[in-house]
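J.: Take a look at this one; I'll ask things after.
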Amino acid sequence: MRTPNKAWLRCLSASTVLLFVSIGNARQGNPDSVKATAKTAKEKNSGESELDKAPQKARATRNPLQNDPEALAAGKKLFGMHCAECHGETAEGTRRAPNLHDSQVQDAPPGAIFWVLTNGIVWHGMPVWSKLPEPQRWQLVTYIKSLRVRPETSANH
Amino acid sequence: MLSRLFPSFFLISLLAVLLSSSCLAQENPYIVAYDHYMEEPGSLEVEYFSTFGTQRGGNDFHAFWLEFEYGATAWWTTEFYLDAQTTFNDSTLFTGFRWENRFRPLKHEHFINPVIYIEYENTSGADKILKEIEGHDVEADNGDPNSVARHEHDHELEFKLLLSSTHKGWNFVENTIATKNLSNDPWEFGYALGASRPLKLKATPKRCNFCAENFIVGAEMYGGLGDRYSFGLKDTSHYLAPVAAWNLPSDWTLRVSPGFGLNDDSHRFLLRWGLSREFSGFGDLVGHLFGGRQ
């Protein structure tokens with residue numbers, strides 16, 4: 001029977017404890033994480049400001065499925081499957097992710113939205129979506145760009 | 001103490017899983033290789049995997065493991081494994097646990113995307129899940145009866161550099177493995193390669209089970225590269241395995257992979273399959289159960 005080196009085991013135990021403490025801090029309301037959350041909420045914008053960071057080449061890319069009659073319905077389906085959990089069923093935004101009806105998103109070029117989808121906003125919690133094939137990401141962009149009218153605005157009218 | 005805490009932890013986890021909503025992820029078909037995609041933050045993926053293996057000079061076996069994969073953040077995924085196996089005409093036994101962590105160091109997507117992988121394994125010599133092949137792992141290692149093999153204990157730290165690229169719907173992965181048994185055995189090395197692609201790139205407007213976009217197919221190849229003192233292909237085993245995943249709209253993913261040994265030191269045939277389901281919002285629910293912010 002092989003005996004593990006005790007120093008290794010001590011290191012491992014210490015790092016395990018550290019890891020669980022950091023998970024707890026990351027997910028729960030200690031003062032630091034509340035501050036961090038507030039900062040993130042402030043940057044919920046993160047989606048919008050991140051849109052501004054898209055390189056010029058990406059911004060200039062046109063949506064190849066813009067005129068595809070099925071793209072909107074397919075994009076809506078994909079949104080429900082992959083995005084609604086964080087952005088809300090109607091993309092109205094939640095505690096975790098911004099409202100996609102906002103003008104900053106709606107006024108952004110399709111290429112910039114595609115770039116954010118592809119790259120995610122990893123440090124602020126949005127996963128990378130390049131795992132979806134390119135045409136599916138464009139279908140999502142088509143759907144997101146169709147959300148120009150806010151749900152509450154349309155309800156008022 | 002641990003035995004008292006475990007039932008409570010298990011019940012809370014079960015409750016959280018039952019209360020969590022599900023959400024479909026586009027899961028890759030690999031069983032051994034890893035791509036660079038992390039679990040979505042706050043989501044828990046529960047997975048069951050099975051490996052049937054033929055064994056020359058011993059009894060065939062069926063090894064299986066349960067995997068809990070949690071997205072701690074968008075750049076960090078942590079997984080816990082419970083391993084077991086049945087050797088035909090012998091016995092069934094629990095063979096140990098693994099705890100793995102994957103970290104994404106880069107903020108944006110690149111042509112090649114690196115991920116750092118660190119795993120701790122506490123398994124017995126009877127472990128046969130063959131989740132990775134490293135060093136001089138060969139078929140003959142699994143020929144001992146369970147009553148003998150279970151007395152060997154392995155405490156290992158495993159490091160991997162996962163490289164992955166996605167282009168025009170294709171995903172290519174290259175994993176390099178370095179393992180250190182904590183009992184002063186030499187470093188051992190291994191590799192895994194893979195390529196996959198969905199059958200269709202555009203999504204159809206309606207939800208469907210049998211749409212081509214739900215199927216991802218490909219192949220993976222994996223094997224050992226010897227150890228620090230004898231690096232290379234001598235006395236190592238290698239496998240080539242077609243892989244397929246079926247991502248169902250009902251949030252389940254089914255993976256199948258028949259693997260074929262490429263040399264005399266490899267098992268002739270490994271049939272692997274797995275079933276998984278993703279539960280989103282798991283992290284928030286556990287947080288609420290422990291009185292976190294609402």
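Simple scheme: letters A, B, ... for chains in structure tokens order, numbers from 1 for residues in each chain, numbers from 1 for ligands in the order shown.
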Taking only C-alpha atoms into account, report as an MDAnalysis selection string which residues of chain B lie within 7 Å of chain A.
T.: chainID B and resid 23:26 40:41 73:75 107:109 151:155 168:169 182:183 201:206 287 292:293
J.: I'd like the neighbourhood of Ala212 of chain B as number ranges by chain, where a residue qualifies if any of its atoms comes within 9 Å (using only C-alpha atoms), though same-chain residues fewer than 3 positions away should be ignored.
T.: B: 198-201, 203, 209, 215-216
J.: Write out the residues from the selection above, keeping N, CA and C atoms, as a PDB file, in the first residue's frame.
T.:
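Saved as again14.pdb:
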```pdb
ATOM      1  N   PRO B 198     -21.847  19.482 -34.403  1.00  0.00           N
ATOM      2  CA  PRO B 198     -23.284  19.156 -34.462  1.00  0.00           C
ATOM      3  C   PRO B 198     -23.649  18.736 -35.881  1.00  0.00           C
ATOM      4  N   LEU B 199     -24.676  17.902 -36.006  1.00  0.00           N
ATOM      5  CA  LEU B 199     -25.065  17.454 -37.348  1.00  0.00           C
ATOM      6  C   LEU B 199     -25.646  18.605 -38.164  1.00  0.00           C
ATOM      7  N   LYS B 200     -26.230  19.594 -37.471  1.00  0.00           N
ATOM      8  CA  LYS B 200     -26.755  20.756 -38.194  1.00  0.00           C
ATOM      9  C   LYS B 200     -26.423  22.000 -37.370  1.00  0.00           C
ATOM     10  N   LEU B 201     -26.044  23.086 -38.037  1.00  0.00           N
ATOM     11  CA  LEU B 201     -25.594  24.269 -37.295  1.00  0.00           C
ATOM     12  C   LEU B 201     -26.732  25.239 -36.982  1.00  0.00           C
ATOM     13  N   ALA B 203     -30.518  26.301 -35.891  1.00  0.00           N
ATOM     14  CA  ALA B 203     -31.590  25.708 -35.072  1.00  0.00           C
ATOM     15  C   ALA B 203     -32.908  25.794 -35.829  1.00  0.00           C
ATOM     16  N   ASN B 209     -37.226  16.612 -30.584  1.00  0.00           N
ATOM     17  CA  ASN B 209     -36.274  15.649 -30.020  1.00  0.00           C
ATOM     18  C   ASN B 209     -35.268  15.165 -31.054  1.00  0.00           C
ATOM     19  N   PHE B 215     -27.972  16.595 -32.207  1.00  0.00           N
ATOM     20  CA  PHE B 215     -26.969  15.522 -32.207  1.00  0.00           C
ATOM     21  C   PHE B 215     -25.579  16.091 -32.499  1.00  0.00           C
ATOM     22  N   ILE B 216     -24.628  15.742 -31.658  1.00  0.00           N
ATOM     23  CA  ILE B 216     -23.239  16.148 -31.892  1.00  0.00           C
ATOM     24  C   ILE B 216     -22.417  14.864 -31.995  1.00  0.00           C
TER      25      ILE B 216
END
```
J.: Considering only C-alpha atoms, return as a PyMOL selection string whatever protein or nucleic-acid residues lie within 9 Å of Glu119 of chain B, sequence-local ones (same chain, fewer than 3 positions apart) excluded.
T.: chain B and resi 98-102+156-160
J.: Per DSSP on the backbone, filter segment 40-157 of chain A down to the residues in alpha helix (DSSP H) and report them as a PyMOL selection string.
T.: chain A and resi 40-42+46-52+56-60+71-78+84-87+103-106+110-119+134-145+151-156
J.: Between B:Phe279, B:Phe61, B:Tyr222, B:Tyr48, single out the one closest to Tyr34 of chain B, counting only C-alpha atoms.
T.: B:Tyr222
J.: Within 9 Å of Ala108 of chain A, counting only C-alpha atoms, which residues qualify if same-chain residues fewer than 3 places away don't, as a list in words?
T.: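 These residues fall inside the cut-off: Glu48, Leu51, Asp52, Arg59, Ser103, Gln104, Val105, Gly111, Ala112, Ile113 and Lys145 of chain A.
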J.: Can you write out the residues you just picked, keeping C-alpha atoms, as a PDB file, in the first residue's frame?
T.:
```pdb
ATOM      1  CA  GLU A  48     -23.898  47.271 -22.405  1.00  0.00           C
ATOM      2  CA  LEU A  51     -20.842  45.966 -26.145  1.00  0.00           C
ATOM      3  CA  ASP A  52     -18.744  49.080 -26.558  1.00  0.00           C
ATOM      4  CA  ARG A  59     -19.167  45.617 -34.894  1.00  0.00           C
ATOM      5  CA  SER A 103     -31.538  51.102 -25.588  1.00  0.00           C
ATOM      6  CA  GLN A 104     -27.830  50.405 -25.067  1.00  0.00           C
ATOM      7  CA  VAL A 105     -28.404  46.849 -26.218  1.00  0.00           C
ATOM      8  CA  GLY A 111     -22.079  42.423 -34.726  1.00  0.00           C
ATOM      9  CA  ALA A 112     -21.365  43.786 -31.234  1.00  0.00           C
ATOM     10  CA  ILE A 113     -24.113  41.646 -29.693  1.00  0.00           C
ATOM     11  CA  LYS A 145     -32.732  42.872 -31.811  1.00  0.00           C
TER      12      LYS A 145
END
```
J.: Determine, counting only C-alpha atoms, which protein, DNA and RNA residues have an atom within 6 Å of an atom of Glu69 of chain B; residues of the same chain fewer than 4 positions away are not included. Present the result as a ChimeraX atom specification.
T.: /B:44-45,78-79
J.: Pull N, CA and C atoms from the residues just selected and write them as a PDB file, in the first residue's frame.
T.:
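Final file, selection-v2.pdb:
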```
ATOM      1  N   LEU B  44     -26.015  23.021 -11.689  1.00  0.00           N
ATOM      2  CA  LEU B  44     -25.464  21.728 -11.283  1.00  0.00           C
ATOM      3  C   LEU B  44     -25.821  20.711 -12.357  1.00  0.00           C
ATOM      4  N   GLU B  45     -24.834  19.997 -12.823  1.00  0.00           N
ATOM      5  CA  GLU B  45     -25.105  18.926 -13.776  1.00  0.00           C
ATOM      6  C   GLU B  45     -24.839  17.605 -13.070  1.00  0.00           C
ATOM      7  N   THR B  78     -16.342  23.170 -10.762  1.00  0.00           N
ATOM      8  CA  THR B  78     -15.832  22.168  -9.836  1.00  0.00           C
ATOM      9  C   THR B  78     -16.693  20.905  -9.940  1.00  0.00           C
ATOM     10  N   GLU B  79     -16.046  19.737  -9.828  1.00  0.00           N
ATOM     11  CA  GLU B  79     -16.766  18.468 -10.005  1.00  0.00           C
ATOM     12  C   GLU B  79     -16.364  17.471  -8.936  1.00  0.00           C
TER      13      GLU B  79
END
```
J.: DSSP on the backbone: which residues in segment 52-226 of chain B end up as strand (DSSP E or B)? Give the answer as a ChimeraX atom specification.
T.: /B:52-53,61-73,76-87,92-103,113-124,135,153-167,170-181,188-198,215-226
J.: What gap, in Å, lies between atom CA of Asn99 of chain A and atom CA of Phe114 of chain A?
T.: 16.5 Å
